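Novice: This is the structure, below, for whatever I ask next.
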Amino acid sequence: MAPRKNAKGGGGSSSGGGGGGSGSGSTSAGSSSPGARREAKHGGQKNGRRGGLSGSSFFTWFMVIALLGVWTSVAVVWFDLIDYEEVLGKLGVYDADGDGDFDVDDAKVLLGLKERSAPEPTFPPEESEPHAEPKEQTSLGTETQNVEDEVNERIQSIFHEMAHTEHEVRVSPAEGQQETPPETNEKLDDPGQKEKAKKKKPKLLNKFDKTIKTELDAAEKLRKRGKIEEAVNAFEEIVRKYPQSPRARYGKAQCEDDLAEKRRSNEVLRRAIETYQEVASLPDVPTDLLKLSLKRRSERQQFLGHMRGSLLTLQRLVQLFPSDTSLKNDLGVGYLLIGDNDNAKKVYEEVLNVTPNDGFAKVHYGFILKAQNKIAESIPYLKEGIESGDPGTDDGRFYFHLGDAMQRVGNKEAYKWYELGYKRGHFASVWQRSLYNVNGLKAQPWWTPRETGYIDLVKSLERNWKLIRDEGLAVMDKARGLFLPEDENLREKGDWSQFTLWQQGRKNENACKGAPKTCSLLEKFPETTGCRRGQIKYSIMHPGTHVWPHTGPTNCRLRMHLGLVIPKDGCKIRCANETKTWEEGKVLIFDDSFEHEVWQDASSFRLIFIVDVWHPELSPQQRRSLPAI
């Protein structure tokens, strides 16, 4: 074959190779004859070959066919031309491993490559839990509010009250407000975590439910497509026709669950909780379905604040599945939610005896030890639990308490863990470690009155500081026990007491009888009396007191300190990396979501007046809707 340049007429002789083109001599690319061009156009001859498609023509047709195939596939998916769920439903009759559908495992069984799974054990129906919940565990919020927001607030506050630290209290976002709680959440950012989190697909159908799988799938399809009301009706009809179908009743419960969230209705959610119980009470319930129903029931009970009812459900789960340590871990949390640290501790000790490397059990066990002031003992459990990467361990609370415990024993690795917590997205910064934050608010340790916009309040406090001081001293002199010791486990040593006038935006009427003029003065300033994430209080600290480095719970407030009785030397406060001292009659303003620390090394007591205010960048609607702390 001639070189390509000659085939194009680039100066060499062209071979005839079978006729059709004769003669020798060179033909330039610019002087080829019309006949030669026509012949080439119609495929008569190229490079000595006659007939057939050229390389470029073949590629063109190949691309056309390929694109047609791609667009056909897109059309099938986009316009839902094939009902895959119906196809899979028909294949369900070949379900051999009992998981409710036809898949690779079923094919292996049918081909004799895998043994058929044993039938699922069944459990006798159990008496339903009494519907009435303890009075103290009533539903939170109205039917039109987002029940999850308010309930999560209650759950988290109960969980953290046991440790008696203000900075442990955590609440959930208010409606219409983006707030970023850390989550107790099973984060799966690392491949290792994702691998651990993989679970075998649950088997939800008993033998009878396999015979009505088409009806079940059709109803489930409606639910997954968000047609909740239609799905509820569909599952209710199946339950009416087949009252002994566990899967149909479970589908009904899921639809009620979804509907409760859609309508934000506690009443609908209560119906879902009852239906989950009905599933568990039916005969011949597959093990996986029984477990899912009771777990979801427990979660929804917590959702409504029914902590003791949830605990009963968790106890039943552990009785039915005693070898499932994940259920025991959930039971431990259930005990923590009602403040029963002792039983929670026993549960986690039992788990760790069986599975000593269970990270979830370790972090919670360490959390309990720290709450019991066993600071050094808590550190290895918190540290190893976080390092395990197990689901539920990558949580801001555990980074927070590990760092705090290390600070208290003088371990310099504390800030390493704060830094890691910041990198994992749990903290706004290494210094600002509050656990419930509203995104986008200005963040700085120290503020001036002008920056806050609360100049009138500051002027009023400073103008009336002697009046405020004298009422505080009078209460101290009466020795009626109105000043209460700090009980949040924030002191390394010393004597620190407080006398509170407002808490979470609520006025303490009895306390204000002891300081009536001060309370009357404050009534004019809703930015502080209405601050449901703060307090107004006198604070007295005696010589020899040191307050551990700590942070407040939220970035939604700023804290004012009015100096009332300040010794000449020995009293100071550090916020982040700047230390200041108080002056009588002057206001200091700082953001207590940043780490701060206090020393009282004077020879006499120090008395200040603490006034919390809403962060100035919060809107009026946000101030009304954010849950209290």
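By order of appearance in the structure tokens: chains A, B, ..., then residues from 1 within every chain, and ligands from 1 in the order shown.
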Using only C-alpha atoms, what does the table of region 382-430 of chain A residues within 9 Å of region 348-363 of chain A look like, with each row giving the shortest atom pair and its distance in Å to one decimal, sorted by chain and ascending number, as a Markdown table?
Specialist:
```
| residue | atom | partner | partner_atom | distance |
| --- | --- | --- | --- | --- |
| A:Leu382 | CA | A:Val363 | CA | 4.5 |
| A:Lys383 | CA | A:Val363 | CA | 7.6 |
| A:Glu384 | CA | A:Gly359 | CA | 7.0 |
| A:Gly385 | CA | A:Gly359 | CA | 4.0 |
| A:Ile386 | CA | A:Gly359 | CA | 6.8 |
| A:Glu387 | CA | A:Gly359 | CA | 7.9 |
| A:Ser388 | CA | A:Gly359 | CA | 5.4 |
| A:Gly389 | CA | A:Gly359 | CA | 7.2 |
| A:Asp390 | CA | A:Gly359 | CA | 5.5 |
| A:Pro391 | CA | A:Phe360 | CA | 7.1 |
| A:Gly392 | CA | A:Phe360 | CA | 6.1 |
| A:Thr393 | CA | A:Phe360 | CA | 5.7 |
| A:Phe398 | CA | A:Val363 | CA | 6.7 |
```
Novice: Can you write out the residues you just picked, keeping all heavy atoms, as a tab-separated table (two decimals), in the first residue's frame?
Specialist:
```tsv
chain	number	residue	atom	x	y	z
A	382	LEU	N	-13.90	7.72	76.50
A	382	LEU	CA	-14.30	8.71	75.50
A	382	LEU	C	-13.35	8.70	74.31
A	382	LEU	O	-13.78	8.71	73.15
A	382	LEU	CB	-14.33	10.10	76.13
A	382	LEU	CG	-15.48	10.38	77.11
A	382	LEU	CD1	-15.20	11.63	77.93
A	382	LEU	CD2	-16.80	10.53	76.36
A	383	LYS	N	-12.06	8.65	74.58
A	383	LYS	CA	-11.05	8.70	73.53
A	383	LYS	C	-11.14	7.48	72.63
A	383	LYS	O	-11.20	7.59	71.40
A	383	LYS	CB	-9.66	8.81	74.17
A	383	LYS	CG	-8.51	8.93	73.19
A	383	LYS	CD	-7.21	9.19	73.95
A	383	LYS	CE	-6.02	9.33	73.01
A	383	LYS	NZ	-5.65	8.05	72.39
A	384	GLU	N	-11.15	6.29	73.21
A	384	GLU	CA	-11.19	5.07	72.41
A	384	GLU	C	-12.52	4.92	71.68
A	384	GLU	O	-12.56	4.40	70.56
A	384	GLU	CB	-10.94	3.85	73.31
A	384	GLU	CG	-9.52	3.78	73.86
A	384	GLU	CD	-9.38	2.71	74.94
A	384	GLU	OE1	-10.30	1.86	75.06
A	384	GLU	OE2	-8.37	2.73	75.66
A	385	GLY	N	-13.59	5.40	72.30
A	385	GLY	CA	-14.89	5.33	71.64
A	385	GLY	C	-14.92	6.19	70.40
A	385	GLY	O	-15.39	5.76	69.34
A	386	ILE	N	-14.41	7.42	70.49
A	386	ILE	CA	-14.38	8.30	69.32
A	386	ILE	C	-13.47	7.72	68.25
A	386	ILE	O	-13.80	7.70	67.06
A	386	ILE	CB	-13.90	9.71	69.71
A	386	ILE	CG1	-14.93	10.38	70.63
A	386	ILE	CG2	-13.66	10.56	68.48
A	386	ILE	CD1	-14.45	11.70	71.21
A	387	GLU	N	-12.31	7.22	68.67
A	387	GLU	CA	-11.35	6.67	67.71
A	387	GLU	C	-11.87	5.44	67.00
A	387	GLU	O	-11.41	5.10	65.90
A	387	GLU	CB	-10.03	6.34	68.42
A	387	GLU	CG	-9.24	7.57	68.85
A	387	GLU	CD	-8.00	7.23	69.67
A	387	GLU	OE1	-7.96	6.13	70.26
A	387	GLU	OE2	-7.09	8.07	69.72
A	388	SER	N	-12.84	4.75	67.59
A	388	SER	CA	-13.39	3.55	66.96
A	388	SER	C	-14.08	3.86	65.64
A	388	SER	O	-14.14	3.02	64.74
A	388	SER	CB	-14.38	2.85	67.90
A	388	SER	OG	-15.60	3.58	67.98
A	389	GLY	N	-14.63	5.08	65.52
A	389	GLY	CA	-15.36	5.42	64.31
A	389	GLY	C	-16.70	4.75	64.19
A	389	GLY	O	-17.35	4.81	63.14
A	390	ASP	N	-17.16	4.08	65.24
A	390	ASP	CA	-18.45	3.39	65.19
A	390	ASP	C	-19.58	4.40	65.03
A	390	ASP	O	-19.49	5.54	65.51
A	390	ASP	CB	-18.68	2.57	66.46
A	390	ASP	CG	-17.79	1.33	66.52
A	390	ASP	OD1	-17.16	1.02	65.49
A	390	ASP	OD2	-17.73	0.68	67.58
A	391	PRO	N	-20.66	4.01	64.36
A	391	PRO	CA	-21.81	4.91	64.24
A	391	PRO	C	-22.27	5.41	65.61
A	391	PRO	O	-22.33	4.66	66.57
A	391	PRO	CB	-22.88	4.02	63.59
A	391	PRO	CG	-22.10	3.01	62.82
A	391	PRO	CD	-20.88	2.72	63.65
A	392	GLY	N	-22.56	6.71	65.67
A	392	GLY	CA	-23.03	7.30	66.92
A	392	GLY	C	-21.93	7.87	67.79
A	392	GLY	O	-22.21	8.48	68.82
A	393	THR	N	-20.67	7.70	67.38
A	393	THR	CA	-19.55	8.19	68.20
A	393	THR	C	-18.99	9.51	67.70
A	393	THR	O	-18.33	10.23	68.45
A	393	THR	CB	-18.41	7.16	68.24
A	393	THR	OG1	-17.91	6.95	66.90
A	393	THR	CG2	-18.88	5.84	68.81
A	398	PHE	N	-19.20	14.30	72.62
A	398	PHE	CA	-18.11	13.45	73.10
A	398	PHE	C	-16.76	14.13	72.90
A	398	PHE	O	-15.87	14.01	73.75
A	398	PHE	CB	-18.18	12.09	72.42
A	398	PHE	CG	-19.50	11.42	72.62
A	398	PHE	CD1	-20.22	10.91	71.55
A	398	PHE	CD2	-20.05	11.31	73.89
A	398	PHE	CE1	-21.45	10.31	71.74
A	398	PHE	CE2	-21.28	10.71	74.09
A	398	PHE	CZ	-21.98	10.21	73.01
```
Novice: Could you build a table of the residues in region 393-450 of chain A lying no more than 12 Å from region 572-589 of chain A, giving for each the nearest pair of atoms and their separation in Å rounded to one decimal place, using only C-alpha atoms, ordered by chain and ascending residue number, as JSON lines?
Specialist:
```
{"residue": "A:Ser429", "atom": "CA", "partner": "A:Ala576", "partner_atom": "CA", "distance": 10.7}
{"residue": "A:Val430", "atom": "CA", "partner": "A:Ala576", "partner_atom": "CA", "distance": 9.4}
{"residue": "A:Trp431", "atom": "CA", "partner": "A:Ala576", "partner_atom": "CA", "distance": 5.9}
{"residue": "A:Gln432", "atom": "CA", "partner": "A:Ala576", "partner_atom": "CA", "distance": 8.2}
{"residue": "A:Arg433", "atom": "CA", "partner": "A:Ala576", "partner_atom": "CA", "distance": 10.8}
{"residue": "A:Ala443", "atom": "CA", "partner": "A:Ala576", "partner_atom": "CA", "distance": 11.7}
{"residue": "A:Gln444", "atom": "CA", "partner": "A:Ala576", "partner_atom": "CA", "distance": 9.1}
{"residue": "A:Pro445", "atom": "CA", "partner": "A:Cys575", "partner_atom": "CA", "distance": 6.1}
{"residue": "A:Trp446", "atom": "CA", "partner": "A:Ile589", "partner_atom": "CA", "distance": 6.1}
{"residue": "A:Trp447", "atom": "CA", "partner": "A:Ile589", "partner_atom": "CA", "distance": 5.3}
{"residue": "A:Thr448", "atom": "CA", "partner": "A:Ile589", "partner_atom": "CA", "distance": 6.6}
{"residue": "A:Pro449", "atom": "CA", "partner": "A:Ile589", "partner_atom": "CA", "distance": 7.4}
{"residue": "A:Arg450", "atom": "CA", "partner": "A:Ile589", "partner_atom": "CA", "distance": 10.7}
```
Novice: From the options A:Ser57, A:Thr551, A:Gln254, A:Thr500, which residue's atoms come nearest to Gly514 (chain A), counting only C-alpha atoms?
Specialist: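 Ranked by minimum distance to Gly514 (chain A), first place goes to A:Thr500.
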Novice: Which distance in Å separates CA of Glu462 (chain A) and CA of Ser619 (chain A), to one decimal?
Specialist: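 These two atoms are separated by 26.6 Å.
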Novice: Just list the residues in region 331-462 of chain A DSSP gives strand (DSSP E or B) on the backbone, as a PDB file with N, CA, C and O atoms, in the first residue's frame.
Specialist:
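Output file part.pdb follows:
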```pdb
ATOM      1  N   GLN A 432     -14.734  28.605  70.057  1.00  0.00           N
ATOM      2  CA  GLN A 432     -16.200  28.691  70.164  1.00  0.00           C
ATOM      3  C   GLN A 432     -16.790  27.285  70.037  1.00  0.00           C
ATOM      4  O   GLN A 432     -17.032  26.783  68.954  1.00  0.00           O
ATOM      5  N   TYR A 436     -25.103  24.380  70.204  1.00  0.00           N
ATOM      6  CA  TYR A 436     -26.280  24.754  69.426  1.00  0.00           C
ATOM      7  C   TYR A 436     -26.127  26.171  68.916  1.00  0.00           C
ATOM      8  O   TYR A 436     -26.209  27.128  69.667  1.00  0.00           O
ATOM      9  N   ASN A 437     -25.892  26.278  67.622  1.00  0.00           N
ATOM     10  CA  ASN A 437     -25.551  27.557  67.015  1.00  0.00           C
ATOM     11  C   ASN A 437     -26.465  27.871  65.845  1.00  0.00           C
ATOM     12  O   ASN A 437     -26.879  26.980  65.115  1.00  0.00           O
ATOM     13  N   VAL A 438     -26.758  29.150  65.677  1.00  0.00           N
ATOM     14  CA  VAL A 438     -27.451  29.620  64.489  1.00  0.00           C
ATOM     15  C   VAL A 438     -26.392  30.095  63.502  1.00  0.00           C
ATOM     16  O   VAL A 438     -25.510  30.875  63.853  1.00  0.00           O
ATOM     17  N   TRP A 446     -15.186  39.323  72.581  1.00  0.00           N
ATOM     18  CA  TRP A 446     -15.535  40.530  73.325  1.00  0.00           C
ATOM     19  C   TRP A 446     -16.297  41.510  72.440  1.00  0.00           C
ATOM     20  O   TRP A 446     -16.003  41.654  71.248  1.00  0.00           O
ATOM     21  N   TRP A 447     -17.274  42.216  73.041  1.00  0.00           N
ATOM     22  CA  TRP A 447     -18.118  43.161  72.315  1.00  0.00           C
ATOM     23  C   TRP A 447     -18.122  44.509  73.034  1.00  0.00           C
ATOM     24  O   TRP A 447     -17.967  44.579  74.258  1.00  0.00           O
TER      25      TRP A 447
END
```
Novice: Extract, using only C-alpha atoms, all DNA, RNA and protein residues at most 12 Å from Asp495 (chain A), discarding same-chain residues fewer than 4 positions from it, and format them as a VMD selection string.
Specialist: chain A and resid 483 to 487 489 to 491 539 to 547 599 to 601 604 to 606
Novice: With distances taken over only C-alpha atoms, which of A:Leu467, A:Arg223, A:Ile338, A:Lys203 is nearest to Pro516 (chain A)?
Specialist: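 Closest to Pro516 (chain A) of all the choices is A:Leu467.
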Novice: Would you work out the distance separating CA of Leu320 (chain A) from CA of Pro246 (chain A), expressed in Å to one decimal?
Specialist: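 A separation of 17.3 Å between them.
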Novice: Using the chain letters and numbers from this document, which residues of region 391-522 of chain A does DSSP assign to alpha helix (DSSP H), as an MDAnalysis selection string?
Specialist: chainID A and resid 396:408 414:423 449:452 455:463 465:478 509:512 516:522
Novice: Can you list, as a list in words, every protein, DNA or RNA residue that comes within 12 Å of Val239 (chain A) when you count only C-alpha atoms, leaving out same-chain residues fewer than 2 positions away?
Specialist: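 These residues fall inside the cut-off: Asp209, Ile212, Glu215, Leu216, Ala219, Val232, Asn233, Ala234, Phe235, Glu236, Glu237, Lys241, Tyr242, Pro243, Gln244, Ser245, Pro246, Arg247, Ala248, Arg249, Tyr250, Gly251, Lys252, Ala253, Thr275, Glu278 and Val279 of chain A.
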